[in-house]
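Worksheet: one structure, shown below.
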Amino acid sequence: MEENVISFKATVNGLILIMREEDDFETVLEHVEKKLESSGRFFKGASLAVKYRGRKLSTAQAQQIAELLTQKTNAEIKSFEEDFSLPEKEPEEVEKGWEKPKMRLMFFKGLEEGLTRFYRGTVRSGQLVSYEGNLVIIGDVNPGGEVIATGNVIVMGSLRGMVHAGADGNKEAVVAALNLQPTQLRIADVITRSPDTKEARQALIPELATVKGDLVYIERFLPQYKG
Amino acid sequence: MGEVIVVTSGKGGVGKTTTTANIGTGLALAGKKVVLIDTDIGLRNLDVVMGLENRIVYDLVDVVEGFCRVKQALIKDKRYEGLYLLPAAQTRDKTAVNPQQMMKLCQELKEEYDYIIVDCPAGIEQGFKNAIAGADRAIVVTTPEVSAVRDADRIIGLLEANELRNPKLLVNRLRVDMVKRGDMMTIDDIIDILAIGLIGVVPDDEKIIVSTNRGEPAINDDKSLAGQAYRNIVKRIMGEEVPFTNFDEDSGFIFKLKKLFGLQAN
């Protein structure tokens, strides 16, 4: 015999009898009886409002089940009617957007060796690329684009947007780019912006930004030869 | 108690942001305390036009989500006393803010500032609804083009439906030479259709492009025609009666200017 022909569900307002649409009334009745025989005593003396759903019942059929319920459970069945309320939805897994990493005590420590995301392509205005770890952008970051990582950020191209390394508070994090011209550069809780006077650069000068104390230092990281 | 003015247009690219920046700067130059709010979330521009892009730390979405206080998000423009910018978020979209939140924010800012100028995004969707939510007055920007005027008409209808009566019209990018040749709609043509009060006419001016690229509002430029027009508009916003510069006739401002440079022979 099948198991799931009927089931009872307790709610705040009482009991719900859930039936399957495809079963005929006799089968349902049989299963209700069986179920109540095994667990009906549980309700003894209680006062219940019962609703049913999943299948239409005629008035006579509804009455039949109601009588059966009273008989088998010794409970007072206050009402027996169809449940029109929508089935309760399982709380949906809300897809969480990427949250700004909170400054925390235990920040990401894999700066030397650790989780790294490689992003290929241009980060354009309005795009946000982020990672809980190190982040390598193989491409440019345009003004208005944002790159946020809890570890280091390396941009294999021009960095002209906003960059935040060590976003959860790690001041050891660094930012490096082949062309470092960010609108704003943040490492942990230190924020700097590029000078207002714009210098027109011809060649790409790879540079590295680090924090010492509360100041951001920017330096070339390739050995410089004088031509 | 301050006043919230929304700058809107319906159509994109007619000069809402430029207008917001210039009016805001003009009001600040007149000694008022002004906040500019960019509500174009996801396509923010006002910060760029104001030259304050690299100072953004918190934005409008951070404020309404309670991530920071309003004061923290306001960027003080160091060049103009009393001018502040509340930038939009760039990596979010219009649904990140709702009209109730905007209304609350405008109420809060009104307590302390004389003017709150809201830069509205193009379109009539959520962003528009957010922008007009807390507004007391509206300025509708249009250009002398049929499409822009059509959109302005739609916007005026929507503003009136939202209890924003008496919006003022700002005609932007008027080209006097084209109007004279009969190739461009005249101010009268536009007012005929829209039937609202005019607050100013801004002539087409190359200097605007230079100034927006540099992040310095043109209103500060004494030589700019558009800057002059904006200065008049600011005075009108503050309730002064300023006669309209007549671009159509030869006795007008442009003529004098041209005469000054010997461009016209008569």
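FYI, nothing fancy with the structure tokens labels: chains A, B, ... in order, residues from 1 per chain, ligands from 1 as they appear.
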
- Fewer than 5 positions away in the same chain doesn't count, so skip those; otherwise give me all residues within 9 Å of segment 157-159 of chain B, counting only C-alpha atoms, as a list in words.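 Listing them by chain and then by number gives Ile124, Ile132, Ala138, Ala152, Leu164, Arg165, Asn166 and Pro167 of chain B.
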
Selected residues written out with N, CA and C atoms, as a tab-separated table (two decimals), in the first residue's frame:
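Written out: result.tsv:
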```tsv
chain	number	residue	atom	x	y	z
B	124	ILE	N	10.88	57.40	-17.46
B	124	ILE	CA	9.74	57.67	-16.58
B	124	ILE	C	9.52	56.51	-15.62
B	132	ILE	N	11.35	62.40	-8.15
B	132	ILE	CA	10.33	63.42	-7.91
B	132	ILE	C	9.64	63.24	-6.56
B	138	ALA	N	9.67	71.67	-9.77
B	138	ALA	CA	10.33	70.92	-10.83
B	138	ALA	C	10.77	71.86	-11.94
B	152	ALA	N	9.15	65.97	-22.97
B	152	ALA	CA	8.93	66.97	-21.91
B	152	ALA	C	7.43	67.06	-21.61
B	164	LEU	N	2.92	67.77	-8.52
B	164	LEU	CA	3.97	68.78	-8.67
B	164	LEU	C	3.47	69.81	-9.68
B	165	ARG	N	2.76	70.79	-9.17
B	165	ARG	CA	2.14	71.78	-10.05
B	165	ARG	C	3.19	72.80	-10.50
B	166	ASN	N	2.85	73.50	-11.57
B	166	ASN	CA	3.70	74.58	-12.05
B	166	ASN	C	5.16	74.25	-12.28
B	167	PRO	N	5.45	73.22	-13.02
B	167	PRO	CA	6.85	73.01	-13.36
B	167	PRO	C	7.33	74.14	-14.27
```

- Tell me, which residues of segment 52-217 of chain A carry DSSP alpha helix (DSSP H), written as a list of chain:residue names? A:Thr59, A:Ala60, A:Gln61, A:Ala62, A:Gln63, A:Gln64, A:Ile65, A:Ala66, A:Glu67, A:Leu68, A:Leu69, A:Thr70, A:Gln71, A:Lys72, A:Thr73

Restricting it to all heavy atoms, dump the selection as an mmCIF file, in the first residue's frame.
```
data_model
loop_
_atom_site.group_PDB
_atom_site.id
_atom_site.type_symbol
_atom_site.label_atom_id
_atom_site.label_comp_id
_atom_site.auth_asym_id
_atom_site.auth_seq_id
_atom_site.Cartn_x
_atom_site.Cartn_y
_atom_site.Cartn_z
ATOM 1 N N THR A 59 -20.015 17.605 -0.312
ATOM 2 C CA THR A 59 -20.448 17.851 1.069
ATOM 3 C C THR A 59 -20.594 16.536 1.830
ATOM 4 O O THR A 59 -20.176 16.416 2.982
ATOM 5 C CB THR A 59 -21.798 18.599 1.086
ATOM 6 O OG1 THR A 59 -21.833 19.481 -0.036
ATOM 7 C CG2 THR A 59 -21.976 19.371 2.364
ATOM 8 N N ALA A 60 -21.141 15.558 1.137
ATOM 9 C CA ALA A 60 -21.340 14.262 1.779
ATOM 10 C C ALA A 60 -20.010 13.616 2.140
ATOM 11 O O ALA A 60 -19.832 13.087 3.238
ATOM 12 C CB ALA A 60 -22.123 13.357 0.834
ATOM 13 N N GLN A 61 -19.080 13.702 1.198
ATOM 14 C CA GLN A 61 -17.763 13.103 1.447
ATOM 15 C C GLN A 61 -17.057 13.816 2.592
ATOM 16 O O GLN A 61 -16.453 13.182 3.461
ATOM 17 C CB GLN A 61 -16.912 13.198 0.175
ATOM 18 C CG GLN A 61 -17.374 12.261 -0.927
ATOM 19 C CD GLN A 61 -16.665 12.521 -2.236
ATOM 20 O OE1 GLN A 61 -16.178 13.629 -2.459
ATOM 21 N NE2 GLN A 61 -16.629 11.518 -3.095
ATOM 22 N N ALA A 62 -17.171 15.123 2.607
ATOM 23 C CA ALA A 62 -16.541 15.901 3.662
ATOM 24 C C ALA A 62 -17.103 15.504 5.017
ATOM 25 O O ALA A 62 -16.365 15.325 5.989
ATOM 26 C CB ALA A 62 -16.768 17.394 3.410
ATOM 27 N N GLN A 63 -18.408 15.333 5.021
ATOM 28 C CA GLN A 63 -19.061 14.949 6.273
ATOM 29 C C GLN A 63 -18.593 13.582 6.742
ATOM 30 O O GLN A 63 -18.339 13.366 7.924
ATOM 31 C CB GLN A 63 -20.574 14.939 6.038
ATOM 32 C CG GLN A 63 -21.337 15.310 7.289
ATOM 33 C CD GLN A 63 -22.819 15.401 7.012
ATOM 34 O OE1 GLN A 63 -23.265 15.408 5.860
ATOM 35 N NE2 GLN A 63 -23.601 15.459 8.071
ATOM 36 N N GLN A 64 -18.437 12.708 5.756
ATOM 37 C CA GLN A 64 -17.992 11.353 6.058
ATOM 38 C C GLN A 64 -16.625 11.365 6.740
ATOM 39 O O GLN A 64 -16.409 10.689 7.742
ATOM 40 C CB GLN A 64 -17.906 10.571 4.753
ATOM 41 C CG GLN A 64 -18.393 9.138 4.895
ATOM 42 C CD GLN A 64 -18.419 8.459 3.534
ATOM 43 O OE1 GLN A 64 -18.679 9.106 2.521
ATOM 44 N NE2 GLN A 64 -18.146 7.172 3.526
ATOM 45 N N ILE A 65 -15.733 12.151 6.186
ATOM 46 C CA ILE A 65 -14.384 12.230 6.776
ATOM 47 C C ILE A 65 -14.440 12.894 8.139
ATOM 48 O O ILE A 65 -13.798 12.444 9.097
ATOM 49 C CB ILE A 65 -13.427 13.010 5.845
ATOM 50 C CG1 ILE A 65 -13.236 12.221 4.543
ATOM 51 C CG2 ILE A 65 -12.082 13.230 6.526
ATOM 52 C CD1 ILE A 65 -12.213 12.796 3.618
ATOM 53 N N ALA A 66 -15.275 13.919 8.246
ATOM 54 C CA ALA A 66 -15.396 14.624 9.524
ATOM 55 C C ALA A 66 -15.872 13.662 10.613
ATOM 56 O O ALA A 66 -15.346 13.645 11.731
ATOM 57 C CB ALA A 66 -16.361 15.792 9.382
ATOM 58 N N GLU A 67 -16.846 12.837 10.271
ATOM 59 C CA GLU A 67 -17.354 11.853 11.236
ATOM 60 C C GLU A 67 -16.279 10.868 11.631
ATOM 61 O O GLU A 67 -16.103 10.529 12.796
ATOM 62 C CB GLU A 67 -18.545 11.102 10.630
ATOM 63 C CG GLU A 67 -19.860 11.831 10.844
ATOM 64 C CD GLU A 67 -20.975 11.246 9.989
ATOM 65 O OE1 GLU A 67 -20.836 10.091 9.538
ATOM 66 O OE2 GLU A 67 -21.970 11.965 9.757
ATOM 67 N N LEU A 68 -15.544 10.454 10.603
ATOM 68 C CA LEU A 68 -14.458 9.506 10.850
ATOM 69 C C LEU A 68 -13.429 10.105 11.800
ATOM 70 O O LEU A 68 -12.938 9.432 12.724
ATOM 71 C CB LEU A 68 -13.803 9.149 9.501
ATOM 72 C CG LEU A 68 -12.781 8.023 9.513
ATOM 73 C CD1 LEU A 68 -13.436 6.697 9.852
ATOM 74 C CD2 LEU A 68 -12.081 7.928 8.168
ATOM 75 N N LEU A 69 -13.151 11.362 11.595
ATOM 76 C CA LEU A 69 -12.184 12.046 12.450
ATOM 77 C C LEU A 69 -12.663 12.068 13.902
ATOM 78 O O LEU A 69 -11.913 11.734 14.825
ATOM 79 C CB LEU A 69 -11.984 13.493 11.966
ATOM 80 C CG LEU A 69 -11.095 13.697 10.736
ATOM 81 C CD1 LEU A 69 -11.194 15.140 10.251
ATOM 82 C CD2 LEU A 69 -9.648 13.365 11.048
ATOM 83 N N THR A 70 -13.923 12.433 14.068
ATOM 84 C CA THR A 70 -14.474 12.507 15.420
ATOM 85 C C THR A 70 -14.413 11.149 16.101
ATOM 86 O O THR A 70 -14.018 11.011 17.255
ATOM 87 C CB THR A 70 -15.951 12.974 15.363
ATOM 88 O OG1 THR A 70 -16.081 13.927 14.314
ATOM 89 C CG2 THR A 70 -16.388 13.572 16.672
ATOM 90 N N GLN A 71 -14.813 10.138 15.312
ATOM 91 C CA GLN A 71 -14.859 8.781 15.826
ATOM 92 C C GLN A 71 -13.496 8.284 16.298
ATOM 93 O O GLN A 71 -13.345 7.796 17.391
ATOM 94 C CB GLN A 71 -15.314 7.882 14.673
ATOM 95 C CG GLN A 71 -16.338 6.853 15.046
ATOM 96 C CD GLN A 71 -16.729 6.128 13.772
ATOM 97 O OE1 GLN A 71 -15.882 5.507 13.147
ATOM 98 N NE2 GLN A 71 -17.973 6.224 13.386
ATOM 99 N N LYS A 72 -12.530 8.484 15.452
ATOM 100 C CA LYS A 72 -11.244 7.841 15.697
ATOM 101 C C LYS A 72 -10.348 8.613 16.656
ATOM 102 O O LYS A 72 -9.459 8.056 17.270
ATOM 103 C CB LYS A 72 -10.486 7.666 14.368
ATOM 104 C CG LYS A 72 -11.169 6.716 13.407
ATOM 105 C CD LYS A 72 -10.962 5.273 13.839
ATOM 106 C CE LYS A 72 -11.739 4.337 12.901
ATOM 107 N NZ LYS A 72 -11.773 2.960 13.419
ATOM 108 N N THR A 73 -10.543 9.916 16.717
ATOM 109 C CA THR A 73 -9.610 10.676 17.544
ATOM 110 C C THR A 73 -10.175 11.046 18.899
ATOM 111 O O THR A 73 -9.439 11.482 19.779
ATOM 112 C CB THR A 73 -9.219 12.002 16.855
ATOM 113 O OG1 THR A 73 -10.420 12.737 16.623
ATOM 114 C CG2 THR A 73 -8.492 11.778 15.555
#
```

- Message: Show me, as an NGL selection string, the residues of chain A whose atoms get within 6 Å of chain B, using only C-alpha atoms for the distance check.
- Response: :A and (126-127 or 183-184 or 193)

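Taking atom CA of Ile116 of chain B as the reference point, atom CA of Gly2 of chain B is found at 7.3 Å.
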
- Looking only at the backbone, which of the residues in segment 2-90 of chain A does DSSP tag as strand (DSSP E or B), as a list in words? Ile6, Ser7, Phe8, Lys9, Ala10, Thr11, Gly14, Leu15, Ile16, Leu17, Ile18, Met19, Ser47, Leu48, Ala49, Val50, Lys51, Tyr52, Arg53, Glu76, Ile77, Lys78, Ser79, Phe80, Glu81 and Glu82 of chain A

Test item: residues at most 7 Å from Gly161 of chain A, only C-alpha atoms, excluding those fewer than 3 positions along its chain, as a tab-separated table (two decimals) with all heavy atoms, in the first residue's frame:
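The resulting result_18.tsv:
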```tsv
chain	number	residue	atom	x	y	z
A	141	VAL	N	40.56	48.33	-15.96
A	141	VAL	CA	39.44	48.73	-15.09
A	141	VAL	C	39.14	50.18	-15.43
A	141	VAL	O	39.95	51.07	-15.21
A	141	VAL	CB	39.81	48.60	-13.60
A	141	VAL	CG1	38.63	49.04	-12.74
A	141	VAL	CG2	40.21	47.17	-13.28
A	142	ASN	N	37.98	50.43	-16.01
A	142	ASN	CA	37.63	51.77	-16.47
A	142	ASN	C	37.07	52.63	-15.34
A	142	ASN	O	36.60	52.09	-14.34
A	142	ASN	CB	36.62	51.68	-17.60
A	142	ASN	CG	37.26	51.25	-18.90
A	142	ASN	OD1	38.49	51.18	-19.00
A	142	ASN	ND2	36.45	50.96	-19.89
A	143	PRO	N	37.07	53.96	-15.53
A	143	PRO	CA	36.48	54.83	-14.51
A	143	PRO	C	35.02	54.44	-14.25
A	143	PRO	O	34.27	54.18	-15.18
A	143	PRO	CB	36.54	56.23	-15.14
A	143	PRO	CG	37.63	56.14	-16.14
A	143	PRO	CD	37.63	54.73	-16.65
A	144	GLY	N	34.65	54.38	-12.98
A	144	GLY	CA	33.29	53.96	-12.64
A	144	GLY	C	33.19	52.47	-12.37
A	144	GLY	O	32.22	52.00	-11.81
A	145	GLY	N	34.21	51.72	-12.78
A	145	GLY	CA	34.24	50.29	-12.47
A	145	GLY	C	34.84	50.11	-11.08
A	145	GLY	O	35.62	50.93	-10.63
A	146	GLU	N	34.46	49.02	-10.41
A	146	GLU	CA	34.96	48.80	-9.07
A	146	GLU	C	35.55	47.41	-8.94
A	146	GLU	O	34.98	46.44	-9.43
A	146	GLU	CB	33.83	48.97	-8.04
A	146	GLU	CG	33.34	50.41	-7.97
A	146	GLU	CD	32.23	50.60	-6.94
A	146	GLU	OE1	32.02	49.71	-6.10
A	146	GLU	OE2	31.59	51.66	-7.00
A	182	PRO	N	44.13	55.06	-10.64
A	182	PRO	CA	42.77	54.85	-10.13
A	182	PRO	C	42.08	56.16	-9.75
A	182	PRO	O	42.76	57.10	-9.34
A	182	PRO	CB	42.98	53.99	-8.89
A	182	PRO	CG	44.34	54.33	-8.43
A	182	PRO	CD	45.14	54.66	-9.65
A	183	THR	N	40.74	56.22	-9.92
A	183	THR	CA	40.01	57.38	-9.40
A	183	THR	C	40.15	57.40	-7.89
A	183	THR	O	40.25	58.45	-7.29
A	183	THR	CB	38.51	57.31	-9.74
A	183	THR	OG1	38.11	55.97	-9.87
A	183	THR	CG2	38.18	58.05	-11.00
A	184	GLN	N	40.11	56.20	-7.33
A	184	GLN	CA	40.26	56.12	-5.88
A	184	GLN	C	40.92	54.79	-5.56
A	184	GLN	O	40.64	53.80	-6.20
A	184	GLN	CB	38.88	56.19	-5.22
A	184	GLN	CG	38.92	56.79	-3.85
A	184	GLN	CD	37.51	56.93	-3.30
A	184	GLN	OE1	36.91	55.95	-2.88
A	184	GLN	NE2	36.99	58.15	-3.30
```

- Task: With a distance cut-off of 7 Å and only C-alpha atoms, select the neighbouring residues of segment 77-86 of chain B, excluding the residue or stretch itself and same-chain residues fewer than 5 positions from it, and output the selection as a list of chain:residue names.
- Result: B:Thr25, B:Ala28, B:Leu29, B:Lys32, B:Lys33, B:Val34, B:Val35, B:Leu36, B:Ile37, B:Asp38, B:Asp59, B:Leu60

Selected residues, N, CA and C atoms, written as an mmCIF file, in the first residue's frame, please.
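Saved to result_16.cif:
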```
data_model
loop_
_atom_site.group_PDB
_atom_site.id
_atom_site.type_symbol
_atom_site.label_atom_id
_atom_site.label_comp_id
_atom_site.auth_asym_id
_atom_site.auth_seq_id
_atom_site.Cartn_x
_atom_site.Cartn_y
_atom_site.Cartn_z
ATOM 1 N N THR B 25 25.761 75.174 -8.417
ATOM 2 C CA THR B 25 26.939 76.005 -8.200
ATOM 3 C C THR B 25 26.535 77.475 -8.090
ATOM 4 N N ALA B 28 25.059 78.218 -4.782
ATOM 5 C CA ALA B 28 26.097 78.234 -3.756
ATOM 6 C C ALA B 28 26.892 79.542 -3.831
ATOM 7 N N LEU B 29 27.149 79.994 -5.060
ATOM 8 C CA LEU B 29 27.877 81.252 -5.233
ATOM 9 C C LEU B 29 27.068 82.425 -4.678
ATOM 10 N N LYS B 32 23.979 80.427 -0.790
ATOM 11 C CA LYS B 32 23.019 79.472 -0.239
ATOM 12 C C LYS B 32 23.732 78.168 0.108
ATOM 13 N N LYS B 33 23.088 77.408 0.997
ATOM 14 C CA LYS B 33 23.594 76.063 1.292
ATOM 15 C C LYS B 33 22.845 75.091 0.382
ATOM 16 N N VAL B 34 23.596 74.398 -0.440
ATOM 17 C CA VAL B 34 22.986 73.596 -1.500
ATOM 18 C C VAL B 34 23.475 72.148 -1.454
ATOM 19 N N VAL B 35 22.556 71.210 -1.631
ATOM 20 C CA VAL B 35 22.934 69.809 -1.817
ATOM 21 C C VAL B 35 22.458 69.367 -3.199
ATOM 22 N N LEU B 36 23.355 68.762 -3.955
ATOM 23 C CA LEU B 36 22.982 68.166 -5.229
ATOM 24 C C LEU B 36 22.836 66.661 -5.010
ATOM 25 N N ILE B 37 21.715 66.110 -5.418
ATOM 26 C CA ILE B 37 21.540 64.655 -5.293
ATOM 27 C C ILE B 37 21.474 64.049 -6.688
ATOM 28 N N ASP B 38 22.337 63.090 -6.931
ATOM 29 C CA ASP B 38 22.295 62.351 -8.190
ATOM 30 C C ASP B 38 21.440 61.103 -7.970
ATOM 31 N N ASP B 59 27.566 56.545 -0.952
ATOM 32 C CA ASP B 59 26.646 57.112 -1.935
ATOM 33 C C ASP B 59 25.200 57.040 -1.439
ATOM 34 N N LEU B 60 24.313 57.455 -2.315
ATOM 35 C CA LEU B 60 22.882 57.519 -2.002
ATOM 36 C C LEU B 60 22.340 56.199 -1.466
#
```

- Message: Can you pull out the residues contacting Phe221 of chain A? Cut-off 10 Å, using only C-alpha atoms, and skip same-chain residues under 6 positions away; I want them as a ChimeraX atom specification.
- Response: /A:176-178,205-209

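Here atom CA of Asp196 of chain A stands at a distance of 20.2 Å from atom CA of Asn22 of chain B.
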
- Query: What is the atom CA of Asp205 of chain B-atom CA of Arg236 of chain B distance in Å, reported with one decimal?
  - Reply: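 These atoms are spaced 21.0 Å apart.
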
- Task: Give me the residues within 8 Å of Gln181 of chain A as a PyMOL selection string, counting only C-alpha atoms and dropping any in the same chain fewer than 2 places off.
- Result: chain A and resi 158-161+179+183+194

For the selection just defined, write its residues with all heavy atoms to a file, as a short mmCIF file (atom, residue, chain, number, x, y, z; two decimals), in the first residue's frame.
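What follows is the written file again.cif:
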```cif
data_model
loop_
_atom_site.label_atom_id
_atom_site.label_comp_id
_atom_site.auth_asym_id
_atom_site.auth_seq_id
_atom_site.Cartn_x
_atom_site.Cartn_y
_atom_site.Cartn_z
N SER A 158 45.32 48.83 -17.55
CA SER A 158 45.21 50.15 -16.93
C SER A 158 44.15 50.12 -15.84
O SER A 158 43.03 49.68 -16.08
CB SER A 158 44.83 51.19 -17.97
OG SER A 158 45.91 51.37 -18.85
N LEU A 159 44.51 50.62 -14.69
CA LEU A 159 43.56 50.71 -13.59
C LEU A 159 43.12 52.16 -13.46
O LEU A 159 43.85 53.00 -12.96
CB LEU A 159 44.20 50.19 -12.30
CG LEU A 159 43.44 50.39 -10.98
CD1 LEU A 159 42.02 49.90 -11.07
CD2 LEU A 159 44.16 49.70 -9.84
N ARG A 160 41.91 52.45 -13.94
CA ARG A 160 41.43 53.84 -13.89
C ARG A 160 40.19 53.97 -13.01
O ARG A 160 39.67 55.04 -12.80
CB ARG A 160 41.08 54.32 -15.29
CG ARG A 160 42.24 54.32 -16.26
CD ARG A 160 41.87 55.01 -17.55
NE ARG A 160 42.69 54.54 -18.64
CZ ARG A 160 42.38 53.51 -19.42
NH1 ARG A 160 41.24 52.86 -19.23
NH2 ARG A 160 43.19 53.13 -20.39
N GLY A 161 39.68 52.87 -12.52
CA GLY A 161 38.46 52.90 -11.71
C GLY A 161 38.77 52.92 -10.22
O GLY A 161 39.82 53.38 -9.78
N ASN A 179 49.34 50.09 -15.32
CA ASN A 179 49.17 51.54 -15.42
C ASN A 179 48.25 51.94 -14.28
O ASN A 179 47.05 51.72 -14.33
CB ASN A 179 48.57 51.91 -16.78
CG ASN A 179 48.42 53.40 -16.95
OD1 ASN A 179 49.11 54.18 -16.29
ND2 ASN A 179 47.51 53.79 -17.82
N THR A 183 40.74 56.22 -9.92
CA THR A 183 40.01 57.38 -9.40
C THR A 183 40.15 57.40 -7.89
O THR A 183 40.25 58.45 -7.29
CB THR A 183 38.51 57.31 -9.74
OG1 THR A 183 38.11 55.97 -9.87
CG2 THR A 183 38.18 58.05 -11.00
N SER A 194 43.53 60.00 -6.64
CA SER A 194 44.62 60.50 -7.47
C SER A 194 44.59 62.03 -7.45
O SER A 194 43.54 62.63 -7.24
CB SER A 194 44.48 59.98 -8.90
OG SER A 194 43.17 60.15 -9.36
#
```

- Task: Write out as a ChimeraX atom specification the residues lying within 10 Å of segment 114-124 of chain A, counting only C-alpha atoms and excluding same-chain residues fewer than 4 positions away.
- Result: /A:108-110,128-147,149,151-161

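Remark: for Gly31 of chain B, the closest of the candidate residues B:Val176, B:Asp151, B:Asp136, B:Asp114 is B:Asp114 (distances computed over only C-alpha atoms).
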